[in-house]
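**Q** Submitted below is the structure of interest, expressed as structure tokens.
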Amino acid sequence: MTSSELGYRTAPSSVLHAPKIYPDAAHGFLFQHAREFAADISGFLGDNERSAS
């Protein structure tokens, strides 16, 4: 069991998101896929705000 799975199972309001792979982008994914990454982070944060309330 990974630490992500353990956290998901022990925190009652947690949500486990599937990992995202940005093609052909190693450490530079922030810059190579900036718009897509920003949308993914905004969606993730929006999900967290809804589940926290």
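Chain lettering (A, B, ...) mirrors the order of the structure tokens, residue numbering begins at 1 for each chain separately, and ligand numbering begins at 1 in order of display.
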Please provide the set of residues having any atom within 12 Å of Pro19 of chain A, restricted to only C-alpha atoms, with same-chain residues fewer than 4 positions apart removed, written as a PDB file with all heavy atoms, in the first residue's frame.
**A**
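And here's part_6.pdb as it stands now:
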ATOM      1  N   SER A   4      -0.091   7.320  -0.329  1.00  0.00           N
ATOM      2  CA  SER A   4      -1.309   7.975  -0.822  1.00  0.00           C
ATOM      3  C   SER A   4      -2.537   7.126  -0.515  1.00  0.00           C
ATOM      4  O   SER A   4      -3.570   7.638  -0.080  1.00  0.00           O
ATOM      5  CB  SER A   4      -1.223   8.198  -2.327  1.00  0.00           C
ATOM      6  OG  SER A   4      -0.185   9.072  -2.645  1.00  0.00           O
ATOM      7  N   ASP A  40      -5.500  21.866 -14.284  1.00  0.00           N
ATOM      8  CA  ASP A  40      -5.533  20.688 -13.410  1.00  0.00           C
ATOM      9  C   ASP A  40      -5.453  21.097 -11.946  1.00  0.00           C
ATOM     10  O   ASP A  40      -6.192  20.579 -11.099  1.00  0.00           O
ATOM     11  CB  ASP A  40      -4.382  19.736 -13.734  1.00  0.00           C
ATOM     12  CG  ASP A  40      -4.532  19.083 -15.102  1.00  0.00           C
ATOM     13  OD1 ASP A  40      -5.661  19.036 -15.624  1.00  0.00           O
ATOM     14  OD2 ASP A  40      -3.503  18.623 -15.634  1.00  0.00           O
ATOM     15  N   PHE A  44      -8.255  20.659  -9.059  1.00  0.00           N
ATOM     16  CA  PHE A  44      -7.923  19.944  -7.827  1.00  0.00           C
ATOM     17  C   PHE A  44      -8.258  20.793  -6.604  1.00  0.00           C
ATOM     18  O   PHE A  44      -8.878  20.312  -5.657  1.00  0.00           O
ATOM     19  CB  PHE A  44      -6.437  19.587  -7.835  1.00  0.00           C
ATOM     20  CG  PHE A  44      -5.953  18.999  -6.542  1.00  0.00           C
ATOM     21  CD1 PHE A  44      -6.227  17.681  -6.227  1.00  0.00           C
ATOM     22  CD2 PHE A  44      -5.232  19.762  -5.652  1.00  0.00           C
ATOM     23  CE1 PHE A  44      -5.786  17.131  -5.037  1.00  0.00           C
ATOM     24  CE2 PHE A  44      -4.780  19.226  -4.457  1.00  0.00           C
ATOM     25  CZ  PHE A  44      -5.058  17.908  -4.151  1.00  0.00           C
TER      26      PHE A  44
END
**Q** Could you list, as a PyMOL selection string, every residue within 8 Å of Glu5 of chain A, counting only C-alpha atoms and ignoring same-chain residues fewer than 4 positions away?
**A** chain A and resi 1+9+16
**Q** May I ask for the distance between atom CA of Glu36 of chain A and atom CA of His17 of chain A, given in Å to one decimal place?
**A**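 Between atom CA of Glu36 of chain A and atom CA of His17 of chain A the gap is 16.1 Å.
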**Q** Could you check how far atom CA of Leu45 of chain A sits from atom CA of Val15 of chain A, in Å to one decimal?
**A**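 Computing it gives 11.6 Å between the two atoms.
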**Q** Please, which residues of chain A, numbered as in this document, come out alpha helix (DSSP H) from DSSP, as a ChimeraX atom specification?
**A** /A:3-10,29-32,34-52
